[in-house]
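Trainee: The structure under discussion is supplied below as structure tokens; questions concerning it will follow.
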Amino acid sequence: MSAITAQDINKLRQATGAGMMDCRKALTETNGDFEAAIDWLRKQGQKVAAKRSDREAKEGVIIAQTSADNKTGFVVCISCETDFVSKNAEFVAFAQSIADAAVANNVKTVDELNAVSINGTTVADMINDKLASIGEKIGVKLERVDAPFVSSYIHGSYRMGVLVGLSTEAADLGKDLAMQIAAMNPVAVDADSVPAETVARERAIIIDTMKEDPKMAGKPEEMIAKIAEGKIAAFFKEQTLLAQSFVKDGSKTVGDHVKSVGADIKVTEFKRVALG
């Protein structure tokens, strides 16, 4: 009997849209054989999910909202395949009910959300029932921010959700920052919070590009490295939130705007989820 890992279960869930426990049982029943597990699920009445597993879900509804005390924010994305479904009021209400359940139950993961019961039915079962009724692949994504104060923002008819964590309550600032993040899509709060692998990838791309430039032929490695660091600095300015130009006043940076609201206010983190 081969060991069934969480990665195996998640892979089968992503491919079929079946619930976590169903996927675990399918893999157990088939000794971890992925294709056989799909067949097993089909035999258990999950034929629609299996049929739809290769289709992209680029439409949907994104709900961003906070707890009553504004200390926790949630972005819940219920994706589907067509805008015909995503723009339907019933589907929007369906997504809202799941987002409300995420907040009410203070969930931390998609698995926790799937296990939540709404009117006696788990979210996972609700998703599978909806999949069967509309004939489209449906996905669930969850992001969460915890901070002393969290602002939420929904942009573009439920097509994007943003959460911003602040070190202190500042509702107007939170809204401004959320709109900035929606518009400019920064990769991190500041240079120090950019993941090391992202910096390494950018540096490698910059250096490789320069080495292929005929104008740089024969230039010392030290010179190329120095120029690369300058370009990395430009990357931080363009791609990190606090260094970006403030969209509502291009004469100052976002960091300047934050300081003008409160010298001690810190942006702790943000999450941005968009369709497409």
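Each chain in the structure tokens gets a letter, A, B and so on, in the order shown; residues start at 1 in every chain, and ligands are counted from 1 in the order they appear.
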Need the shell around Tyr158 (chain A): protein/DNA/RNA residues with any atom at most 8 Å away, counting only C-alpha atoms. Skip same-chain ones fewer than 5 positions apart. Format as number ranges by chain?

Mentor: A: 60-63

Trainee: Please return, as a ChimeraX atom specification, all residues of region 78-218 of chain A that DSSP assigns to helix (DSSP H, G or I) on the basis of the backbone.

Mentor: /A:83-86,89-104,110-115,123-134,171-184,191-193,196-212,214-216

Trainee: Counting only C-alpha atoms, what are the residues of region 9-125 of chain A within 8 Å of region 258-276 of chain A, and for each of them which pair of atoms is the nearest and at what distance in Å, to one decimal? Sort the table by chain and rising number, as CSV.

Mentor:
residue,atom,partner,partner_atom,distance
A:Lys58,CA,A:Gly276,CA,4.6
A:Glu59,CA,A:Leu275,CA,6.1
A:Gly60,CA,A:Leu275,CA,7.0
A:Ile62,CA,A:Ala274,CA,7.6
A:Val75,CA,A:Val273,CA,7.3
A:Cys77,CA,A:Val273,CA,7.7
A:Ser79,CA,A:Leu275,CA,7.9

Trainee: Which one is closest to Leu113 (chain A): A:Lys237, A:Lys141, A:Lys130, A:Arg13? Count only C-alpha atoms.

Mentor: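 Counting only C-alpha atoms, the residue closest to Leu113 (chain A) is A:Lys141.
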
Trainee: Tell me which of A:Ile9, A:Ile206, A:Ala64, A:Leu242 sits closest to Ala188 (chain A), counting only C-alpha atoms.

Mentor: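 The shortest atom-to-atom distance to Ala188 (chain A) comes from A:Leu242.
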
Trainee: For Asp100 (chain A), which residue out of A:Val76, A:Leu131, A:Ala183, A:Ser152 is the nearest one, using only C-alpha atoms?

Mentor: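 Closest candidate: A:Val76.
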
Trainee: Run DSSP on the backbone and grab whatever in region 124-263 of chain A lands in strand (DSSP E); send it over as a list in words.

Mentor: Gly139, Val140, Lys141, Leu142, Glu143, Arg144, Val145, Asp146, Phe149, Val150, Ser151, Ser152, Tyr153, Ile154, His155, Met160, Gly161, Val162, Leu163, Val164, Gly165, Leu166, Ser245, Phe246, Asp249, Gly250, Ser251, Lys252 and Thr253 of chain A

Trainee: Write a file of the selected residues as a JSON list (two decimals), in the first residue's frame, keeping C-alpha atoms.

Mentor:
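In the end it all went to result.json:
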[["chain", "number", "residue", "atom", "x", "y", "z"],
["A", 139, "GLY", "CA", -12.70, 26.51, -7.88],
["A", 140, "VAL", "CA", -12.21, 28.02, -4.43],
["A", 141, "LYS", "CA", -9.33, 30.25, -3.37],
["A", 142, "LEU", "CA", -8.80, 31.88, 0.00],
["A", 143, "GLU", "CA", -6.39, 34.57, 1.19],
["A", 144, "ARG", "CA", -6.23, 36.05, 4.66],
["A", 145, "VAL", "CA", -4.57, 38.99, 6.43],
["A", 146, "ASP", "CA", -4.32, 39.48, 10.18],
["A", 149, "PHE", "CA", -6.40, 47.01, 11.33],
["A", 150, "VAL", "CA", -7.35, 45.50, 7.97],
["A", 151, "SER", "CA", -9.01, 47.28, 5.05],
["A", 152, "SER", "CA", -10.79, 45.41, 2.26],
["A", 153, "TYR", "CA", -11.64, 46.50, -1.27],
["A", 154, "ILE", "CA", -13.53, 44.90, -4.16],
["A", 155, "HIS", "CA", -12.75, 46.24, -7.62],
["A", 160, "MET", "CA", -10.51, 41.70, -7.88],
["A", 161, "GLY", "CA", -10.19, 41.72, -4.12],
["A", 162, "VAL", "CA", -7.55, 43.46, -2.00],
["A", 163, "LEU", "CA", -6.69, 43.30, 1.69],
["A", 164, "VAL", "CA", -4.28, 45.71, 3.41],
["A", 165, "GLY", "CA", -2.96, 45.26, 6.94],
["A", 166, "LEU", "CA", -2.00, 48.36, 8.96],
["A", 245, "SER", "CA", 4.32, 56.93, -7.05],
["A", 246, "PHE", "CA", 1.01, 57.52, -5.29],
["A", 249, "ASP", "CA", -0.88, 62.40, -6.19],
["A", 250, "GLY", "CA", 2.09, 61.61, -8.43],
["A", 251, "SER", "CA", 4.25, 64.23, -6.70],
["A", 252, "LYS", "CA", 4.88, 61.86, -3.78],
["A", 253, "THR", "CA", 5.44, 58.18, -3.11]]

Trainee: Could you tell me how far CA of Asp172 (chain A) lies from CA of Gly156 (chain A), in Å and to one decimal?

Mentor: 19.5 Å

Trainee: Just the number, please: distance in Å from CA of Phe94 (chain A) to CA of Ile78 (chain A), one decimal.

Mentor: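 One can read the CA of Phe94 (chain A) to CA of Ile78 (chain A) distance as 8.8 Å.
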
Trainee: I need the residue nearest Ala204 (chain A) from this list: A:Thr121, A:Met223, A:Asp190, A:Lys231. Use only C-alpha atoms for the distance.

Mentor: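 For Ala204 (chain A), the nearest of the given residues is A:Lys231.
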
Trainee: Pick out the residues sitting within 12 Å of Met126 (chain A), and hand them over as a ChimeraX atom specification; count only C-alpha atoms, and ignore anything fewer than 5 positions along from it in its own chain.

Mentor: /A:17-19,78,91,94-95,97-98,113-121,131-133,138-140

Trainee: Nearest residue to Asp176 (chain A) out of A:Lys248, A:Met216, A:Glu202, A:Gly32, using only C-alpha atoms?

Mentor: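 Of the candidates, the smallest distance to Asp176 (chain A) is held by A:Lys248.
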